[in-house]
>>> print(open('target-v6.json').read())   # JSON, C-alpha atoms
[["chain", "number", "residue", "atom", "x", "y", "z"],
["A", 243, "MET", "CA", 56.11, -34.10, -16.14],
["A", 244, "ASP", "CA", 58.38, -35.75, -18.73],
["A", 245, "LYS", "CA", 58.23, -35.09, -22.48],
["A", 246, "ARG", "CA", 55.94, -38.07, -23.15],
["A", 247, "GLU", "CA", 53.36, -36.82, -20.66],
["A", 248, "GLN", "CA", 53.56, -33.32, -22.12],
["A", 249, "ASP", "CA", 53.01, -34.68, -25.61],
["A", 250, "SER", "CA", 50.01, -36.66, -24.33],
["A", 251, "VAL", "CA", 48.39, -33.57, -22.76],
["A", 252, "ALA", "CA", 49.07, -31.52, -25.84],
["A", 253, "GLY", "CA", 47.35, -34.20, -27.91],
["A", 254, "VAL", "CA", 44.18, -34.00, -25.84],
["A", 255, "PHE", "CA", 44.19, -30.20, -25.41],
["A", 256, "PRO", "CA", 45.91, -28.78, -28.46],
["A", 257, "LEU", "CA", 47.00, -25.22, -27.69],
["A", 258, "ASN", "CA", 47.14, -23.82, -31.19],
["A", 259, "GLY", "CA", 46.41, -20.23, -32.28],
["A", 260, "LYS", "CA", 43.08, -21.08, -33.90],
["A", 261, "ALA", "CA", 41.61, -22.48, -30.67],
["A", 262, "VAL", "CA", 42.71, -19.45, -28.67],
["A", 263, "SER", "CA", 41.14, -17.14, -31.27],
["A", 264, "GLU", "CA", 37.78, -18.97, -31.09],
["A", 265, "VAL", "CA", 37.72, -18.75, -27.29],
["A", 266, "LEU", "CA", 38.45, -15.02, -27.38],
["A", 267, "GLY", "CA", 35.72, -14.60, -29.98],
["A", 268, "TYR", "CA", 33.16, -16.32, -27.78],
["A", 269, "VAL", "CA", 34.19, -14.20, -24.81],
["A", 270, "LEU", "CA", 33.93, -11.03, -26.89],
["A", 271, "ILE", "CA", 30.46, -11.95, -28.20],
["A", 272, "LEU", "CA", 29.29, -12.80, -24.69],
["A", 273, "SER", "CA", 30.62, -9.48, -23.40],
["A", 274, "ILE", "CA", 28.79, -7.58, -26.16],
["A", 275, "VAL", "CA", 25.54, -9.42, -25.38],
["A", 276, "VAL", "CA", 25.87, -8.71, -21.65],
["A", 277, "ALA", "CA", 26.69, -5.04, -22.31],
["A", 278, "THR", "CA", 23.73, -4.69, -24.70],
["A", 279, "VAL", "CA", 21.30, -6.28, -22.23],
["A", 280, "THR", "CA", 22.65, -4.04, -19.46],
["A", 281, "VAL", "CA", 22.16, -0.90, -21.56],
["A", 282, "ILE", "CA", 18.62, -1.93, -22.57],
["A", 283, "TYR", "CA", 17.77, -2.75, -18.95],
["A", 284, "ALA", "CA", 19.21, 0.53, -17.65],
["A", 285, "ALA", "CA", 17.45, 2.58, -20.31],
["A", 286, "GLY", "CA", 14.18, 0.68, -20.35],
["A", 287, "MET", "CA", 13.47, 0.05, -16.68],
["A", 288, "PRO", "CA", 12.78, 3.69, -15.77],
["A", 289, "ALA", "CA", 10.28, 3.87, -18.63],
["A", 290, "ILE", "CA", 8.68, 0.61, -17.53],
["A", 291, "ARG", "CA", 8.47, 1.80, -13.94],
["A", 292, "SER", "CA", 7.05, 5.12, -15.11],
["A", 293, "GLN", "CA", 4.30, 3.33, -17.04],
["A", 294, "GLU", "CA", 3.59, 1.11, -14.02],
["A", 295, "ASN", "CA", 3.32, 4.17, -11.76],
["A", 296, "LEU", "CA", 1.03, 5.86, -14.27],
["A", 297, "ALA", "CA", -1.22, 2.79, -14.43],
["A", 298, "VAL", "CA", -1.43, 2.71, -10.62],
["A", 299, "PHE", "CA", -2.23, 6.43, -10.54],
["A", 300, "ARG", "CA", -5.03, 6.02, -13.08],
["A", 301, "ALA", "CA", -6.44, 3.14, -11.04],
["A", 302, "MET", "CA", -6.48, 5.42, -7.99],
["A", 303, "GLU", "CA", -8.41, 8.00, -10.02],
["A", 304, "ASN", "CA", -11.16, 5.43, -10.45],
["A", 305, "THR", "CA", -11.03, 4.69, -6.72],
["A", 306, "PHE", "CA", -11.54, 8.37, -5.97],
["A", 307, "TYR", "CA", -14.41, 8.53, -8.43],
["A", 308, "ILE", "CA", -16.10, 5.86, -6.27],
["A", 309, "LEU", "CA", -15.23, 7.77, -3.08],
["A", 310, "GLN", "CA", -16.66, 10.92, -4.61],
["A", 311, "SER", "CA", -20.00, 9.22, -5.33],
["A", 312, "VAL", "CA", -20.15, 7.67, -1.85],
["A", 313, "GLU", "CA", -19.22, 10.97, -0.17],
["A", 314, "ARG", "CA", -22.03, 12.80, -1.92],
["A", 315, "LEU", "CA", -24.61, 10.11, -1.14],
["A", 316, "VAL", "CA", -23.65, 10.28, 2.53],
["A", 317, "ALA", "CA", -23.34, 14.07, 2.70],
["A", 318, "TYR", "CA", -26.76, 14.64, 1.14],
["A", 319, "ASN", "CA", -28.23, 12.03, 3.52],
["A", 320, "ILE", "CA", -29.39, 9.82, 0.65],
["A", 321, "THR", "CA", -27.42, 7.03, 2.32],
["A", 322, "PRO", "CA", -26.59, 8.20, 5.88],
["A", 323, "VAL", "CA", -23.89, 5.53, 6.36],
["A", 324, "LYS", "CA", -21.89, 3.71, 3.71],
["A", 325, "ALA", "CA", -18.98, 1.28, 3.92],
["A", 326, "VAL", "CA", -16.55, 1.07, 1.02],
["A", 327, "THR", "CA", -13.43, -1.03, 0.55],
["A", 328, "VAL", "CA", -10.49, 0.95, -0.77],
["A", 329, "ARG", "CA", -7.05, -0.21, -1.88],
["A", 330, "ALA", "CA", -4.30, 2.41, -1.72],
["A", 331, "GLU", "CA", -2.06, 1.16, -4.51],
["A", 332, "GLY", "CA", 1.49, 2.52, -4.66],
["A", 333, "GLY", "CA", 0.98, 4.98, -1.81],
["A", 334, "SER", "CA", -1.29, 5.87, 1.09],
["A", 335, "ILE", "CA", -4.68, 7.49, 1.77],
["A", 336, "ALA", "CA", -5.46, 9.80, 4.67],
["A", 337, "VAL", "CA", -8.17, 12.13, 5.90],
["A", 338, "ILE", "CA", -6.81, 15.66, 6.34],
["A", 339, "PRO", "CA", -9.25, 17.56, 8.61],
["A", 340, "ASP", "CA", -7.55, 20.95, 8.14],
["A", 341, "TRP", "CA", -7.19, 20.88, 4.37],
["A", 342, "GLY", "CA", -8.66, 24.34, 3.72],
["A", 343, "THR", "CA", -11.02, 27.09, 4.75],
["A", 344, "MET", "CA", -13.92, 28.71, 2.94],
["A", 345, "TYR", "CA", -14.67, 32.30, 3.92],
["A", 346, "VAL", "CA", -18.14, 33.71, 3.31],
["A", 347, "GLY", "CA", -18.84, 37.39, 3.89],
["A", 348, "ILE", "CA", -22.48, 38.46, 4.15],
["A", 349, "ASN", "CA", -23.08, 42.21, 4.34],
["A", 350, "GLY", "CA", -19.62, 42.75, 5.77],
["A", 351, "LYS", "CA", -19.73, 39.96, 8.38],
["A", 352, "VAL", "CA", -17.31, 37.14, 7.56],
["A", 353, "LYS", "CA", -17.73, 33.54, 8.69],
["A", 354, "GLU", "CA", -15.01, 30.91, 8.42],
["A", 355, "TYR", "CA", -15.78, 27.33, 7.42],
["A", 356, "PRO", "CA", -12.72, 25.06, 7.90],
["A", 357, "TYR", "CA", -13.06, 21.79, 6.07],
["A", 358, "GLY", "CA", -11.23, 18.52, 5.49],
["A", 359, "ALA", "CA", -10.45, 16.39, 2.47],
["A", 360, "ILE", "CA", -9.48, 12.82, 1.56],
["A", 361, "VAL", "CA", -5.97, 12.68, 0.13],
["A", 362, "TYR", "CA", -3.98, 10.04, -1.75],
["A", 363, "LEU", "CA", -0.18, 10.41, -1.80],
["A", 364, "SER", "CA", 1.68, 8.22, -4.27],
["A", 365, "ASN", "CA", 5.19, 6.90, -3.69],
["A", 366, "ASP", "CA", 6.51, 9.23, -6.40],
["A", 367, "GLY", "CA", 5.03, 12.36, -4.81],
["A", 368, "ARG", "CA", 1.91, 12.86, -6.92],
["A", 369, "GLY", "CA", -1.48, 13.14, -5.31],
["A", 370, "ILE", "CA", -5.24, 12.96, -5.68],
["A", 371, "VAL", "CA", -7.54, 14.99, -3.44],
["A", 372, "LEU", "CA", -11.27, 14.69, -2.87],
["A", 373, "ASP", "CA", -11.79, 18.35, -2.03],
["A", 374, "ASN", "CA", -15.35, 19.52, -1.29],
["A", 375, "GLY", "CA", -16.84, 17.01, -3.72],
["A", 376, "ALA", "CA", -14.33, 17.69, -6.51],
["A", 377, "ILE", "CA", -11.33, 15.56, -7.51],
["A", 378, "LEU", "CA", -8.05, 17.44, -7.84],
["A", 379, "GLU", "CA", -4.64, 16.12, -8.85],
["A", 380, "ALA", "CA", -1.28, 17.35, -7.57],
["A", 381, "TYR", "CA", 1.91, 17.31, -9.64],
["A", 382, "GLY", "CA", 4.54, 19.04, -7.57],
["A", 383, "ASN", "CA", 3.86, 22.78, -7.76],
["A", 384, "ARG", "CA", 0.80, 22.40, -9.96],
["A", 385, "PHE", "CA", -2.78, 21.40, -9.21],
["A", 386, "VAL", "CA", -5.18, 20.43, -11.99],
["A", 387, "PRO", "CA", -8.74, 19.08, -12.10],
["A", 388, "SER", "CA", -8.81, 15.31, -12.46],
["A", 389, "PRO", "CA", -9.74, 14.12, -15.96],
["A", 390, "VAL", "CA", -12.03, 11.59, -14.28],
["A", 391, "ASN", "CA", -14.22, 14.33, -12.85],
["A", 392, "ALA", "CA", -13.05, 17.88, -13.37],
["A", 393, "ILE", "CA", -14.28, 20.84, -11.37],
["A", 394, "THR", "CA", -17.58, 22.12, -12.67],
["A", 395, "PRO", "CA", -19.89, 24.87, -11.41],
["A", 396, "LYS", "CA", -21.85, 22.22, -9.53],
["A", 397, "GLN", "CA", -18.92, 21.40, -7.25],
["A", 398, "LEU", "CA", -18.94, 24.57, -5.20],
["A", 399, "ILE", "CA", -21.41, 27.19, -6.38],
["A", 400, "LEU", "CA", -24.56, 27.06, -8.48],
["A", 401, "THR", "CA", -25.89, 30.36, -9.77],
["A", 402, "ARG", "CA", -28.64, 31.47, -12.08],
["A", 403, "ILE", "CA", -30.15, 34.80, -13.03],
["A", 404, "ASP", "CA", -33.92, 35.11, -12.91],
["A", 405, "ARG", "CA", -36.55, 37.85, -12.58],
["A", 406, "VAL", "CA", -35.94, 38.22, -8.85],
["A", 407, "GLY", "CA", -32.15, 38.53, -9.07],
["A", 408, "ASN", "CA", -29.00, 36.45, -8.70],
["A", 409, "GLU", "CA", -29.58, 33.11, -6.96],
["A", 410, "VAL", "CA", -26.36, 31.77, -5.43],
["A", 411, "TYR", "CA", -26.14, 28.33, -3.83],
["A", 412, "ILE", "CA", -23.04, 27.46, -1.81],
["A", 413, "SER", "CA", -22.48, 23.94, -0.51],
["A", 414, "LEU", "CA", -19.52, 22.73, 1.50],
["A", 415, "ILE", "CA", -18.68, 19.09, 2.31],
["A", 416, "ASN", "CA", -16.53, 18.97, 5.43],
["A", 417, "VAL", "CA", -14.72, 15.66, 5.95],
["A", 418, "THR", "CA", -13.34, 14.68, 9.37],
["A", 419, "GLY", "CA", -11.82, 11.53, 10.85],
["A", 420, "ASN", "CA", -8.57, 10.00, 12.01],
["A", 421, "VAL", "CA", -7.88, 7.61, 9.13],
["A", 422, "SER", "CA", -4.57, 6.91, 7.40],
["A", 423, "PHE", "CA", -3.57, 3.68, 5.66],
["A", 424, "SER", "CA", -1.81, 1.94, 2.81],
["A", 425, "GLY", "CA", -2.89, -1.29, 1.19],
["A", 426, "GLN", "CA", -6.51, -2.39, 1.42],
["A", 427, "LYS", "CA", -8.95, -1.15, 4.04],
["A", 428, "THR", "CA", -12.70, -0.91, 4.55],
["A", 429, "ILE", "CA", -13.72, 2.57, 5.63],
["A", 430, "VAL", "CA", -17.11, 3.88, 6.69],
["A", 431, "LEU", "CA", -18.46, 7.28, 5.68],
["A", 432, "LYS", "CA", -21.13, 8.61, 8.02],
["A", 433, "ASN", "CA", -23.37, 11.65, 7.80],
["A", 434, "VAL", "CA", -22.81, 13.57, 11.04],
["A", 435, "ARG", "CA", -25.09, 16.52, 10.36],
["A", 436, "ILE", "CA", -26.29, 19.07, 7.84],
["A", 437, "ASP", "CA", -25.35, 22.41, 9.32],
["A", 438, "ASP", "CA", -25.73, 26.12, 8.53],
["A", 439, "ASN", "CA", -28.64, 25.67, 6.17],
["A", 440, "GLU", "CA", -29.23, 29.38, 5.79],
["A", 441, "SER", "CA", -30.96, 31.62, 3.27],
["A", 442, "TYR", "CA", -30.49, 35.35, 2.67],
["A", 443, "SER", "CA", -32.14, 37.79, 0.30],
["A", 444, "GLY", "CA", -30.55, 40.81, -1.32],
["A", 445, "VAL", "CA", -27.17, 40.58, 0.38],
["A", 446, "ASN", "CA", -23.70, 41.71, -0.60],
["A", 447, "LEU", "CA", -21.67, 38.51, -0.82],
["A", 448, "LYS", "CA", -17.93, 37.81, -0.68],
["A", 449, "ILE", "CA", -16.41, 34.34, -1.17],
["A", 450, "ARG", "CA", -12.89, 33.12, -0.70],
["A", 451, "VAL", "CA", -11.32, 29.66, -0.51],
["A", 452, "ASN", "CA", -7.84, 29.22, 0.98],
["A", 453, "ILE", "CA", -6.05, 25.86, 0.83],
["A", 454, "THR", "CA", -3.42, 25.34, 3.52],
["A", 455, "GLY", "CA", -3.08, 21.55, 3.70],
["A", 456, "ALA", "CA", -1.35, 20.92, 0.37],
["A", 457, "SER", "CA", 2.06, 22.04, 1.64],
["A", 458, "LYS", "CA", 2.05, 19.18, 4.15],
["A", 459, "PHE", "CA", 2.64, 16.87, 1.19],
["A", 460, "GLY", "CA", 5.15, 19.08, -0.58],
["A", 461, "TRP", "CA", 2.51, 20.47, -2.95],
["A", 462, "ASN", "CA", 1.67, 24.07, -3.74],
["A", 463, "ASP", "CA", -1.07, 25.66, -1.60],
["A", 464, "THR", "CA", -1.35, 28.65, -3.92],
["A", 465, "SER", "CA", -1.96, 26.49, -6.98],
["A", 466, "ALA", "CA", -4.78, 24.63, -5.25],
["A", 467, "THR", "CA", -6.31, 27.88, -3.99],
["A", 468, "GLU", "CA", -6.12, 29.45, -7.43],
["A", 469, "LEU", "CA", -7.81, 26.45, -8.99],
["A", 470, "TRP", "CA", -10.79, 26.86, -6.66],
["A", 471, "ILE", "CA", -11.03, 30.60, -7.26],
["A", 472, "ASN", "CA", -11.00, 30.02, -11.00],
["A", 473, "SER", "CA", -13.82, 27.51, -10.57],
["A", 474, "ILE", "CA", -15.80, 30.06, -8.55],
["A", 475, "GLU", "CA", -15.38, 32.62, -11.31],
["A", 476, "TYR", "CA", -16.52, 30.11, -13.90],
["A", 477, "ALA", "CA", -19.48, 29.07, -11.77],
["A", 478, "LEU", "CA", -20.72, 32.61, -11.26],
["A", 479, "ASN", "CA", -20.81, 33.07, -15.02],
["A", 480, "GLY", "CA", -20.43, 36.80, -15.40],
["A", 481, "THR", "CA", -22.17, 37.95, -12.23],
["A", 482, "ILE", "CA", -18.91, 38.90, -10.51],
["A", 483, "LYS", "CA", -18.47, 42.60, -9.73],
["A", 484, "LYS", "CA", -14.89, 42.31, -8.54],
["A", 485, "TRP", "CA", -12.56, 39.35, -8.85],
["A", 486, "LYS", "CA", -8.95, 38.65, -7.97],
["A", 487, "LYS", "CA", -7.03, 35.42, -7.87],
["A", 488, "VAL", "CA", -5.50, 33.42, -5.03],
["A", 489, "THR", "CA", -6.24, 34.88, -1.60],
["A", 490, "ASP", "CA", -8.49, 37.75, -2.67],
["A", 491, "TRP", "CA", -12.25, 37.77, -2.61],
["A", 492, "VAL", "CA", -14.92, 37.13, -5.17],
["A", 493, "GLU", "CA", -17.56, 39.79, -4.58],
["A", 494, "LEU", "CA", -21.22, 40.02, -5.68],
["A", 495, "LYS", "CA", -23.81, 42.67, -4.98],
["A", 496, "ASN", "CA", -27.49, 42.18, -4.16],
["A", 497, "VAL", "CA", -27.79, 38.38, -4.46],
["A", 498, "ASN", "CA", -30.04, 35.79, -2.89],
["A", 499, "LEU", "CA", -27.89, 33.25, -1.03],
["A", 500, "THR", "CA", -28.45, 29.70, 0.20],
["A", 501, "LEU", "CA", -25.60, 28.25, 2.27],
["A", 502, "VAL", "CA", -25.43, 24.59, 3.36],
["A", 503, "VAL", "CA", -22.58, 22.78, 5.16],
["A", 504, "TYR", "CA", -22.50, 18.97, 5.15],
["A", 505, "ASP", "CA", -20.40, 17.15, 7.76],
["A", 506, "VAL", "CA", -19.13, 13.68, 6.88],
["A", 507, "LYS", "CA", -17.01, 11.57, 9.22],
["A", 508, "VAL", "CA", -14.70, 8.82, 7.95],
["A", 509, "LEU", "CA", -14.22, 5.82, 10.22],
["A", 510, "GLY", "CA", -11.91, 2.88, 9.77]]
>>> encode(input="target-v6.json", output="structure tokens")
Amino acid sequence: MDKREQDSVAGVFPLNGKAVSEVLGYVLILSIVVATVTVIYAAGMPAIRSQENLAVFRAMENTFYILQSVERLVAYNITPVKAVTVRAEGGSIAVIPDWGTMYVGINGKVKEYPYGAIVYLSNDGRGIVLDNGAILEAYGNRFVPSPVNAITPKQLILTRIDRVGNEVYISLINVTGNVSFSGQKTIVLKNVRIDDNESYSGVNLKIRVNITGASKFGWNDTSATELWINSIEYALNGTIKKWKKVTDWVELKNVNLTLVVYDVKVLG
């Protein structure tokens, strides 16, 4: 390229210091904008995802509130068979037949009542459990009653004191079935039978609930067991003669007992 051509190019694209400075300024501003957006995205996305996961979890609470109502209707034979469409958002739902065991001792003779539960496991490891008519929530090593429907005395034991003595009512909803799914699915809850409808007068009673299925999901069995024992203590409302937490027994003397086991099968 001769001098005339160089002068021509320089006339069209003047390479002076001011132009170079403006270009560097634009590049610097663009870099700052990109860096700022990256920082906001990196810092904000976990919070956004956390809120999304929380919203999904709360929606699943409402789903389990519906399952709870349907389970009771079927168990108590008000509606022997009921179909319900369930969407497992952000996780999966399964029937766990060997969730726990309730032990009932009557005058020294102990009977075991294994029972199942319906469990939701979220993608982030949290869970919701429909356990014997009550809704529990799992957060790692801690189980708590669901705020949608916390454990009350009506879930496991009803007791009252009258002129005759202590009236204790124990009901157990045993859920069975080979169902596990994610996404949307229509399941059918069916009343299989009402079993062990027994009554006793003036007996020495021992009660114990032991949860063994929580550890399958990485949750704490002891926490779930303790939650149930605390609910038993609350339900008995001062009639307990001896009480210890976790795997120990709740004992009562000279009570009138009614024991009913409801079997519900989940199909789908």
>>> closest_atom_pairs(input="target-v6.json", of="range 311-381 of chain A", to="range 411-434 of chain A", cutoff="9 Å", atoms="only C-alpha atoms", output="JSON lines")
{"residue": "A:Val312", "atom": "CA", "partner": "A:Leu431", "partner_atom": "CA", "distance": 7.7}
{"residue": "A:Glu313", "atom": "CA", "partner": "A:Leu431", "partner_atom": "CA", "distance": 7.0}
{"residue": "A:Arg314", "atom": "CA", "partner": "A:Ile415", "partner_atom": "CA", "distance": 8.3}
{"residue": "A:Val316", "atom": "CA", "partner": "A:Asn433", "partner_atom": "CA", "distance": 5.5}
{"residue": "A:Ala317", "atom": "CA", "partner": "A:Asn433", "partner_atom": "CA", "distance": 5.6}
{"residue": "A:Tyr318", "atom": "CA", "partner": "A:Asn433", "partner_atom": "CA", "distance": 8.0}
{"residue": "A:Asn319", "atom": "CA", "partner": "A:Asn433", "partner_atom": "CA", "distance": 6.5}
{"residue": "A:Thr321", "atom": "CA", "partner": "A:Asn433", "partner_atom": "CA", "distance": 8.2}
{"residue": "A:Pro322", "atom": "CA", "partner": "A:Asn433", "partner_atom": "CA", "distance": 5.1}
{"residue": "A:Val323", "atom": "CA", "partner": "A:Lys432", "partner_atom": "CA", "distance": 4.5}
{"residue": "A:Lys324", "atom": "CA", "partner": "A:Leu431", "partner_atom": "CA", "distance": 5.3}
{"residue": "A:Ala325", "atom": "CA", "partner": "A:Val430", "partner_atom": "CA", "distance": 4.2}
{"residue": "A:Val326", "atom": "CA", "partner": "A:Thr428", "partner_atom": "CA", "distance": 5.6}
{"residue": "A:Thr327", "atom": "CA", "partner": "A:Thr428", "partner_atom": "CA", "distance": 4.1}
{"residue": "A:Val328", "atom": "CA", "partner": "A:Lys427", "partner_atom": "CA", "distance": 5.5}
{"residue": "A:Arg329", "atom": "CA", "partner": "A:Gln426", "partner_atom": "CA", "distance": 4.0}
{"residue": "A:Ala330", "atom": "CA", "partner": "A:Gly425", "partner_atom": "CA", "distance": 4.9}
{"residue": "A:Glu331", "atom": "CA", "partner": "A:Gly425", "partner_atom": "CA", "distance": 6.3}
{"residue": "A:Gly332", "atom": "CA", "partner": "A:Ser424", "partner_atom": "CA", "distance": 8.2}
{"residue": "A:Gly333", "atom": "CA", "partner": "A:Ser424", "partner_atom": "CA", "distance": 6.2}
{"residue": "A:Ser334", "atom": "CA", "partner": "A:Ser424", "partner_atom": "CA", "distance": 4.3}
{"residue": "A:Ile335", "atom": "CA", "partner": "A:Phe423", "partner_atom": "CA", "distance": 5.6}
{"residue": "A:Ala336", "atom": "CA", "partner": "A:Ser422", "partner_atom": "CA", "distance": 4.1}
{"residue": "A:Val337", "atom": "CA", "partner": "A:Val421", "partner_atom": "CA", "distance": 5.6}
{"residue": "A:Ile338", "atom": "CA", "partner": "A:Thr418", "partner_atom": "CA", "distance": 7.3}
{"residue": "A:Pro339", "atom": "CA", "partner": "A:Thr418", "partner_atom": "CA", "distance": 5.1}
{"residue": "A:Asp340", "atom": "CA", "partner": "A:Thr418", "partner_atom": "CA", "distance": 8.6}
{"residue": "A:Met344", "atom": "CA", "partner": "A:Leu414", "partner_atom": "CA", "distance": 8.3}
{"residue": "A:Tyr355", "atom": "CA", "partner": "A:Leu414", "partner_atom": "CA", "distance": 8.4}
{"residue": "A:Pro356", "atom": "CA", "partner": "A:Asn416", "partner_atom": "CA", "distance": 7.6}
{"residue": "A:Tyr357", "atom": "CA", "partner": "A:Asn416", "partner_atom": "CA", "distance": 4.5}
{"residue": "A:Gly358", "atom": "CA", "partner": "A:Val417", "partner_atom": "CA", "distance": 4.5}
{"residue": "A:Ala359", "atom": "CA", "partner": "A:Val417", "partner_atom": "CA", "distance": 5.6}
{"residue": "A:Ile360", "atom": "CA", "partner": "A:Val417", "partner_atom": "CA", "distance": 7.4}
{"residue": "A:Asp373", "atom": "CA", "partner": "A:Ile415", "partner_atom": "CA", "distance": 8.2}
{"residue": "A:Asn374", "atom": "CA", "partner": "A:Ile415", "partner_atom": "CA", "distance": 4.9}
{"residue": "A:Gly375", "atom": "CA", "partner": "A:Ile415", "partner_atom": "CA", "distance": 6.6}
>>> atom_distance(input="target-v6.json", atom1="CA of Asn472 in chain A", atom2="CA of Val492 in chain A")
10.0 Å
>>> residues_around(input="target-v6.json", residues="Gln310 in chain A", least_positions_apart="6", cutoff="8 Å", atoms="all atoms listed in the file", output="ChimeraX atom specification")
/A:372,375-377
>>> atom_distance(input="target-v6.json", atom1="CA of Asn383 in chain A", atom2="CA of Val371 in chain A")
14.5 Å
>>> atom_distance(input="target-v6.json", atom1="CA of Ser443 in chain A", atom2="CA of Trp491 in chain A")
20.1 Å
>>> closest_residue(input="target-v6.json", among="A:Val506, A:Val361, A:Ile348, A:Met302", to="Gly444 in chain A", atoms="only C-alpha atoms")
A:Ile348
>>> closest_residue(input="target-v6.json", among="A:Val410, A:Ile471, A:Ala466, A:Leu509", to="Ser441 in chain A", atoms="all atoms listed in the file")
A:Val410
>>> residues_around(input="target-v6.json", residues="range 447-455 of chain A", least_positions_apart="3", cutoff="6 Å", atoms="all atoms listed in the file", output="list in words")
Trp341, Gly342, Thr343, Met344, Tyr345, Val346, Gly347, Ile348, Lys458, Asp463, Thr467, Trp491, Val492, Glu493 and Leu494 of chain A
>>> closest_residue(input="target-v6.json", among="A:Trp470, A:Tyr381, A:Tyr362, A:Tyr442", to="Asp490 in chain A", atoms="only C-alpha atoms")
A:Trp470
>>> residues_around(input="target-v6.json", residues="Asn462 in chain A", least_positions_apart="5", cutoff="8 Å", atoms="only C-alpha atoms", output="PyMOL selection string")
chain A and resi 382-385+456-457
>>> axis_aligned_box(input="target-v6.json", around="range 451-470 of chain A", padding_each_side="5 Å", output="lines of an AutoDock Vina configuration file")
center_x = -3.1
center_y = 23.3
center_z = -2.4
size_x = 26.5
size_y = 22.8
size_z = 23.1
>>> closest_residue(input="target-v6.json", among="A:Ile320, A:Ile274, A:Ile370, A:Leu378", to="Val298 in chain A", atoms="all atoms listed in the file")
A:Ile370
